[in-house]
Amino acid sequence: MRIAKVRGTVVSTYKEPSLQGVKLLVLQFVDENGELIPGHEVAADMVGAGVDEWVLVSRGSQARHVRDCSDRPIDAAVIAIIDTVTVENRSLYRK
Amino acid sequence: MRIAKVRGTVVSTYKEPSLQGVKLLVLQFVDENGELIPGHEVAADMVGAGVDEWVLVSRGSQARHVRDCSDRPIDAAVIAIIDTVTVENRSLYRK
Amino acid sequence: MRIAKVRGTVVSTYKEPSLQGVKLLVLQFVDENGELIPGHEVAADMVGAGVDEWVLVSRGSQARHVRDCSDRPIDAAVIAIIDTVTVENRSLYRK
Amino acid sequence: MRIAKVRGTVVSTYKEPSLQGVKLLVLQFVDENGELIPGHEVAADMVGAGVDEWVLVSRGSQARHVRDCSDRPIDAAVIAIIDTVTVENRSLYRK
Amino acid sequence: MRIAKVRGTVVSTYKEPSLQGVKLLVLQFVDENGELIPGHEVAADMVGAGVDEWVLVSRGSQARHVRDCSDRPIDAAVIAIIDTVTVENRSLYRK
């Protein structure tokens with residue numbers, strides 16, 4: 001999984017029918033020092049994450065094991081809202 | 001998923017039989033500022049996207065959950081035409 | 001999928017039994033301007049592609065949906081020989 | 001698989017129900033000379049690894065074959081604690 | 001698949017039970033000119049490859065189709081020992 005920060009949202013009217021009702025978040029990955037990495041990922045949000053929160057993202061076919069995603073063409077899902085990240089006994093992030 | 005811009009098309013006569021009737025789009029990914037990223041991806045289009053539109057691309061084996069793709073050797077599919085992308089309450093893209 | 005140019009072949013005598021009879025091509029990916037990208041990929045060829053042709057490559061577990069590949073440990077397959085690539089209404093490649 | 005060093009932990013209260021009881025480690029990959037590579041990966045720990053240990057990480061859908069992970073949305077798992085890494089008959093790491 | 005050179009081995013006592021008896025090789029990928037690429041991959045060896053040999057590596061869930069690997073958390077496997085690599089009718093490698 002990767003640690004990412006929620007940056008925004010994507011809205012689409014014309015899409016695969018199975019995507020109805022799926023909230024899509026724009027994420028940016030965070031490096032080992034807590035800095036944003038260039039680039040983005042769009043992930044399905046099943047945990048109610050909000051902008052600026054740090055979350056855990058699962059990618060690939062295992063993302064389907066998120067509730068109700070098994071038959072959707074989703075290759076990334078937010079699976080947790082992060083409370084704390086600790087690196088070498090130092091707090092990198094606290095919600 | 002990744003946000004991408006439709007750049008063009010690929011045409012092939014001699015191909016895996018299961019690819020008959022599949023429209024193949026040339027895409028370029030878009031970075032967190034809306035700029036095109038070098039490189040490309042070719043994806044099956046099941047939503048009728050056109051050149052210059054921004055779309056959402058799903059990659060890997062989950063792409064098979066797009067309609068009628070389950071038994072095709074397709075590792076990327078356009079799953080939505082994007083209406084808006086909002087980052088930090090700022091509009092990055094509007095169709 | 002990715003657009004690639006066929007550069008050569010790999011030959012192996014001692015291999016997984018299920019790879020018997022599979023032709024293995026050395027490919028290099030092509031960027032959005034038609035230039036070769038450093039690095040390579042080796043893919044199973046089921047469409048009879050030849051050196052210097054441009055082809056479409058599918059990677060990951062979906063590559064198994066190529067004919068007769070479902071039980072082989074193949075993570076990349078040539079699924080089409082490309083006739084034309086058109087980007088922004090400009091021809092990037094014509095066979 | 002990749003060789004990685006355990007750097008820390010991630011704690012989350014609000015998460016996919018199937019993640020209950022899964023310990024999440026922050027890892028950094030190690031290069032061919034034993035140096036840390038920028039970036040991180042978060043993996044489920046099923047072998048009881050501790051901070052600063054070198055471990056083996058499996059990613060993608062095969063990570064599900066770790067005990068009790070088959071229906072969890074986990075795309076990376078620590079599958080072994082490394083005793084030794086030997087490169088060109090030279091010891092790169094010894095626990 | 002990727003072309004790689006066998007560089008060494010990884011030994012682990014404490015690991016997922018399903019990894020018992022699996023030989024783990026440290027590999028480095030080779031570029032289109034035959035030079036080693038920075039970084040490494042660890043792969044299960046089912047073909048008896050030795051240090052300095054060039055091999056073919058399959059990654060992702062298709063690696064499970066190697067003999068006896070279907071239920072193991074292995075995301076990379078050596079599937080062939082390479083005899084020759086030919087690029088543009090020039091020999092890049094001969095065993």
# chains A, B, ... in the order shown; residues from 1 in each chain; ligands from 1

$ residues_around --residues "Met1 in chain B" --least-positions-apart "3" --cutoff "6 Å" --atoms "only C-alpha atoms" --output "PDB file with N, CA, C and O atoms, in the first residue's frame"
ATOM      1  N   GLU A  41      -2.844   9.863  -8.303  1.00  0.00           N
ATOM      2  CA  GLU A  41      -3.597   8.618  -8.454  1.00  0.00           C
ATOM      3  C   GLU A  41      -5.050   8.965  -8.152  1.00  0.00           C
ATOM      4  O   GLU A  41      -5.320   9.780  -7.269  1.00  0.00           O
ATOM      5  N   VAL A  42      -5.982   8.363  -8.873  1.00  0.00           N
ATOM      6  CA  VAL A  42      -7.403   8.524  -8.553  1.00  0.00           C
ATOM      7  C   VAL A  42      -7.879   7.209  -7.955  1.00  0.00           C
ATOM      8  O   VAL A  42      -7.657   6.143  -8.527  1.00  0.00           O
ATOM      9  N   ASP A  75      -8.982   0.101 -10.047  1.00  0.00           N
ATOM     10  CA  ASP A  75      -7.635  -0.424  -9.789  1.00  0.00           C
ATOM     11  C   ASP A  75      -6.955   0.252  -8.601  1.00  0.00           C
ATOM     12  O   ASP A  75      -5.756   0.007  -8.366  1.00  0.00           O
TER      13      ASP A  75
ATOM     14  N   VAL B  57      -8.640   6.258 -16.549  1.00  0.00           N
ATOM     15  CA  VAL B  57      -8.134   4.993 -17.074  1.00  0.00           C
ATOM     16  C   VAL B  57      -7.919   4.018 -15.923  1.00  0.00           C
ATOM     17  O   VAL B  57      -7.313   4.372 -14.913  1.00  0.00           O
ATOM     18  N   SER B  58      -8.406   2.806 -16.080  1.00  0.00           N
ATOM     19  CA  SER B  58      -8.144   1.743 -15.106  1.00  0.00           C
ATOM     20  C   SER B  58      -7.202   0.744 -15.745  1.00  0.00           C
ATOM     21  O   SER B  58      -7.387   0.367 -16.900  1.00  0.00           O
TER      22      SER B  58
END

$ interface_residues --of "chain C" --to "chain A" --cutoff "12 Å" --atoms "only C-alpha atoms" --output "list in words"
Gly60, Ser61 and Gln62 of chain C

$ write_last_selection --atoms "all heavy atoms" --output "PDB file, in the first residue's frame"
ATOM      1  N   GLY C  60       0.771  -7.994 -17.592  1.00  0.00           N
ATOM      2  CA  GLY C  60       0.045  -8.391 -16.393  1.00  0.00           C
ATOM      3  C   GLY C  60      -0.798  -9.614 -16.642  1.00  0.00           C
ATOM      4  O   GLY C  60      -0.681 -10.278 -17.677  1.00  0.00           O
ATOM      5  N   SER C  61      -1.687  -9.906 -15.703  1.00  0.00           N
ATOM      6  CA  SER C  61      -2.395 -11.179 -15.774  1.00  0.00           C
ATOM      7  C   SER C  61      -3.393 -11.225 -16.923  1.00  0.00           C
ATOM      8  O   SER C  61      -3.824 -12.299 -17.329  1.00  0.00           O
ATOM      9  CB  SER C  61      -3.095 -11.475 -14.446  1.00  0.00           C
ATOM     10  OG  SER C  61      -4.029 -10.482 -14.141  1.00  0.00           O
ATOM     11  N   GLN C  62      -3.765 -10.072 -17.479  1.00  0.00           N
ATOM     12  CA  GLN C  62      -4.679 -10.102 -18.618  1.00  0.00           C
ATOM     13  C   GLN C  62      -4.019 -10.670 -19.863  1.00  0.00           C
ATOM     14  O   GLN C  62      -4.709 -11.111 -20.789  1.00  0.00           O
ATOM     15  CB  GLN C  62      -5.204  -8.693 -18.919  1.00  0.00           C
ATOM     16  CG  GLN C  62      -6.231  -8.218 -17.918  1.00  0.00           C
ATOM     17  CD  GLN C  62      -7.406  -9.165 -17.785  1.00  0.00           C
ATOM     18  OE1 GLN C  62      -7.426 -10.029 -16.909  1.00  0.00           O
ATOM     19  NE2 GLN C  62      -8.356  -9.042 -18.674  1.00  0.00           N
TER      20      GLN C  62
END

$ select_by_dssp --residues "chain C" --states "helix (DSSP H, G or I)" --output "list of chain:residue names"
C:Pro17, C:Ser18, C:Leu19, C:Ser61, C:Gln62, C:Ala63, C:Arg64, C:His65

$ closest_residue --among "D:Ile37, D:Ala49, D:Ala44, D:Val30" --to "Lys15 in chain E" --atoms "only C-alpha atoms"
D:Ala49

$ residues_around --residues "Glu16 in chain E" --least-positions-apart "2" --cutoff "8 Å" --atoms "only C-alpha atoms" --output "list in words"
Met46, Val47, Val66, Arg67, Ile79 and Ala80 of chain D; Tyr14, Ser18, Leu19 and Gln20 of chain E

$ closest_residue --among "A:Glu35, A:Glu88, A:Val6, A:Leu25" --to "Glu53 in chain D" --atoms "only C-alpha atoms"
A:Glu88

$ atom_distance --atom1 "CA of Lys5 in chain A" --atom2 "CA of Thr13 in chain D"
16.8 Å

$ residues_around --residues "Leu27 in chain B" --least-positions-apart "5" --cutoff "10 Å" --atoms "only C-alpha atoms" --output "PyMOL selection string"
(chain B and resi 3-9+36+39-43+51-55+57+78) or (chain C and resi 32+87)

$ atom_distance --atom1 "CA of Ala77 in chain C" --atom2 "CA of Leu24 in chain B"
16.5 Å

$ select_by_dssp --residues "range 8-56 of chain E" --states "strand (DSSP E or B)" --output "PyMOL selection string"
chain E and resi 8-11+14-15+23-30+36+41-45+54-56

$ decode --residues "range 72-86 of chain D" --atoms "all heavy atoms" --output "compact mmCIF listing (two decimals), in the first residue's frame"
# COMPACT_ATOMS: atom_id res chain seq x y z
N ARG D 72 -8.63 -9.82 1.83
CA ARG D 72 -8.34 -8.47 2.30
C ARG D 72 -7.77 -7.62 1.17
O ARG D 72 -7.06 -8.14 0.32
CB ARG D 72 -7.33 -8.55 3.45
CG ARG D 72 -7.96 -9.14 4.70
CD ARG D 72 -6.92 -9.43 5.75
NE ARG D 72 -7.55 -9.66 7.05
CZ ARG D 72 -6.95 -10.22 8.09
NH1 ARG D 72 -5.69 -10.58 8.00
NH2 ARG D 72 -7.60 -10.40 9.22
N PRO D 73 -8.07 -6.33 1.16
CA PRO D 73 -7.58 -5.47 0.07
C PRO D 73 -6.12 -5.07 0.29
O PRO D 73 -5.79 -3.89 0.36
CB PRO D 73 -8.52 -4.26 0.15
CG PRO D 73 -8.89 -4.17 1.60
CD PRO D 73 -8.94 -5.60 2.09
N ILE D 74 -5.25 -6.05 0.38
CA ILE D 74 -3.84 -5.83 0.69
C ILE D 74 -3.02 -6.09 -0.56
O ILE D 74 -3.10 -7.16 -1.14
CB ILE D 74 -3.41 -6.77 1.84
CG1 ILE D 74 -3.99 -6.25 3.15
CG2 ILE D 74 -1.90 -6.93 1.91
CD1 ILE D 74 -3.83 -7.22 4.30
N ASP D 75 -2.22 -5.08 -0.99
CA ASP D 75 -1.44 -5.25 -2.22
C ASP D 75 0.06 -5.44 -1.94
O ASP D 75 0.85 -5.46 -2.89
CB ASP D 75 -1.68 -4.10 -3.20
CG ASP D 75 -1.18 -2.76 -2.68
OD1 ASP D 75 -0.59 -2.71 -1.59
OD2 ASP D 75 -1.39 -1.75 -3.38
N ALA D 76 0.43 -5.58 -0.67
CA ALA D 76 1.84 -5.82 -0.33
C ALA D 76 1.90 -6.50 1.03
O ALA D 76 1.18 -6.12 1.95
CB ALA D 76 2.62 -4.51 -0.28
N ALA D 77 2.78 -7.51 1.14
CA ALA D 77 2.91 -8.25 2.39
C ALA D 77 4.37 -8.60 2.65
O ALA D 77 5.11 -8.92 1.71
CB ALA D 77 2.08 -9.54 2.34
N VAL D 78 4.77 -8.50 3.92
CA VAL D 78 6.09 -8.98 4.32
C VAL D 78 6.00 -10.49 4.42
O VAL D 78 5.19 -11.01 5.20
CB VAL D 78 6.51 -8.36 5.67
CG1 VAL D 78 7.81 -9.00 6.17
CG2 VAL D 78 6.67 -6.86 5.54
N ILE D 79 6.80 -11.21 3.62
CA ILE D 79 6.68 -12.66 3.58
C ILE D 79 7.86 -13.38 4.22
O ILE D 79 7.82 -14.59 4.40
CB ILE D 79 6.46 -13.18 2.14
CG1 ILE D 79 7.64 -12.82 1.23
CG2 ILE D 79 5.17 -12.63 1.56
CD1 ILE D 79 7.60 -13.53 -0.12
N ALA D 80 8.94 -12.64 4.54
CA ALA D 80 10.10 -13.29 5.17
C ALA D 80 10.97 -12.26 5.86
O ALA D 80 11.07 -11.11 5.41
CB ALA D 80 10.93 -14.03 4.11
N ILE D 81 11.58 -12.66 6.97
CA ILE D 81 12.63 -11.87 7.59
C ILE D 81 13.94 -12.42 7.05
O ILE D 81 14.18 -13.63 7.09
CB ILE D 81 12.57 -11.98 9.13
CG1 ILE D 81 11.23 -11.42 9.63
CG2 ILE D 81 13.74 -11.24 9.77
CD1 ILE D 81 10.99 -11.60 11.12
N ILE D 82 14.78 -11.53 6.51
CA ILE D 82 15.99 -11.97 5.82
C ILE D 82 17.12 -12.25 6.82
O ILE D 82 17.36 -11.44 7.72
CB ILE D 82 16.42 -10.92 4.77
CG1 ILE D 82 15.37 -10.83 3.66
CG2 ILE D 82 17.81 -11.22 4.22
CD1 ILE D 82 15.63 -9.75 2.64
N ASP D 83 17.80 -13.40 6.63
CA ASP D 83 19.00 -13.69 7.41
C ASP D 83 20.24 -13.13 6.71
O ASP D 83 21.03 -12.45 7.31
CB ASP D 83 19.18 -15.22 7.57
CG ASP D 83 18.06 -15.85 8.38
OD1 ASP D 83 17.51 -15.16 9.26
OD2 ASP D 83 17.72 -17.01 8.11
N THR D 84 20.40 -13.49 5.44
CA THR D 84 21.57 -13.03 4.70
C THR D 84 21.20 -12.72 3.25
O THR D 84 20.32 -13.34 2.67
CB THR D 84 22.68 -14.12 4.65
OG1 THR D 84 22.15 -15.28 4.01
CG2 THR D 84 23.19 -14.48 6.03
N VAL D 85 21.91 -11.72 2.70
CA VAL D 85 21.87 -11.43 1.27
C VAL D 85 23.30 -11.52 0.77
O VAL D 85 24.19 -10.84 1.31
CB VAL D 85 21.30 -10.03 0.96
CG1 VAL D 85 21.30 -9.78 -0.54
CG2 VAL D 85 19.91 -9.86 1.56
N THR D 86 23.52 -12.35 -0.23
CA THR D 86 24.86 -12.53 -0.79
C THR D 86 24.83 -12.12 -2.25
O THR D 86 23.98 -12.59 -3.00
CB THR D 86 25.30 -14.02 -0.68
OG1 THR D 86 25.16 -14.43 0.68
CG2 THR D 86 26.74 -14.20 -1.12
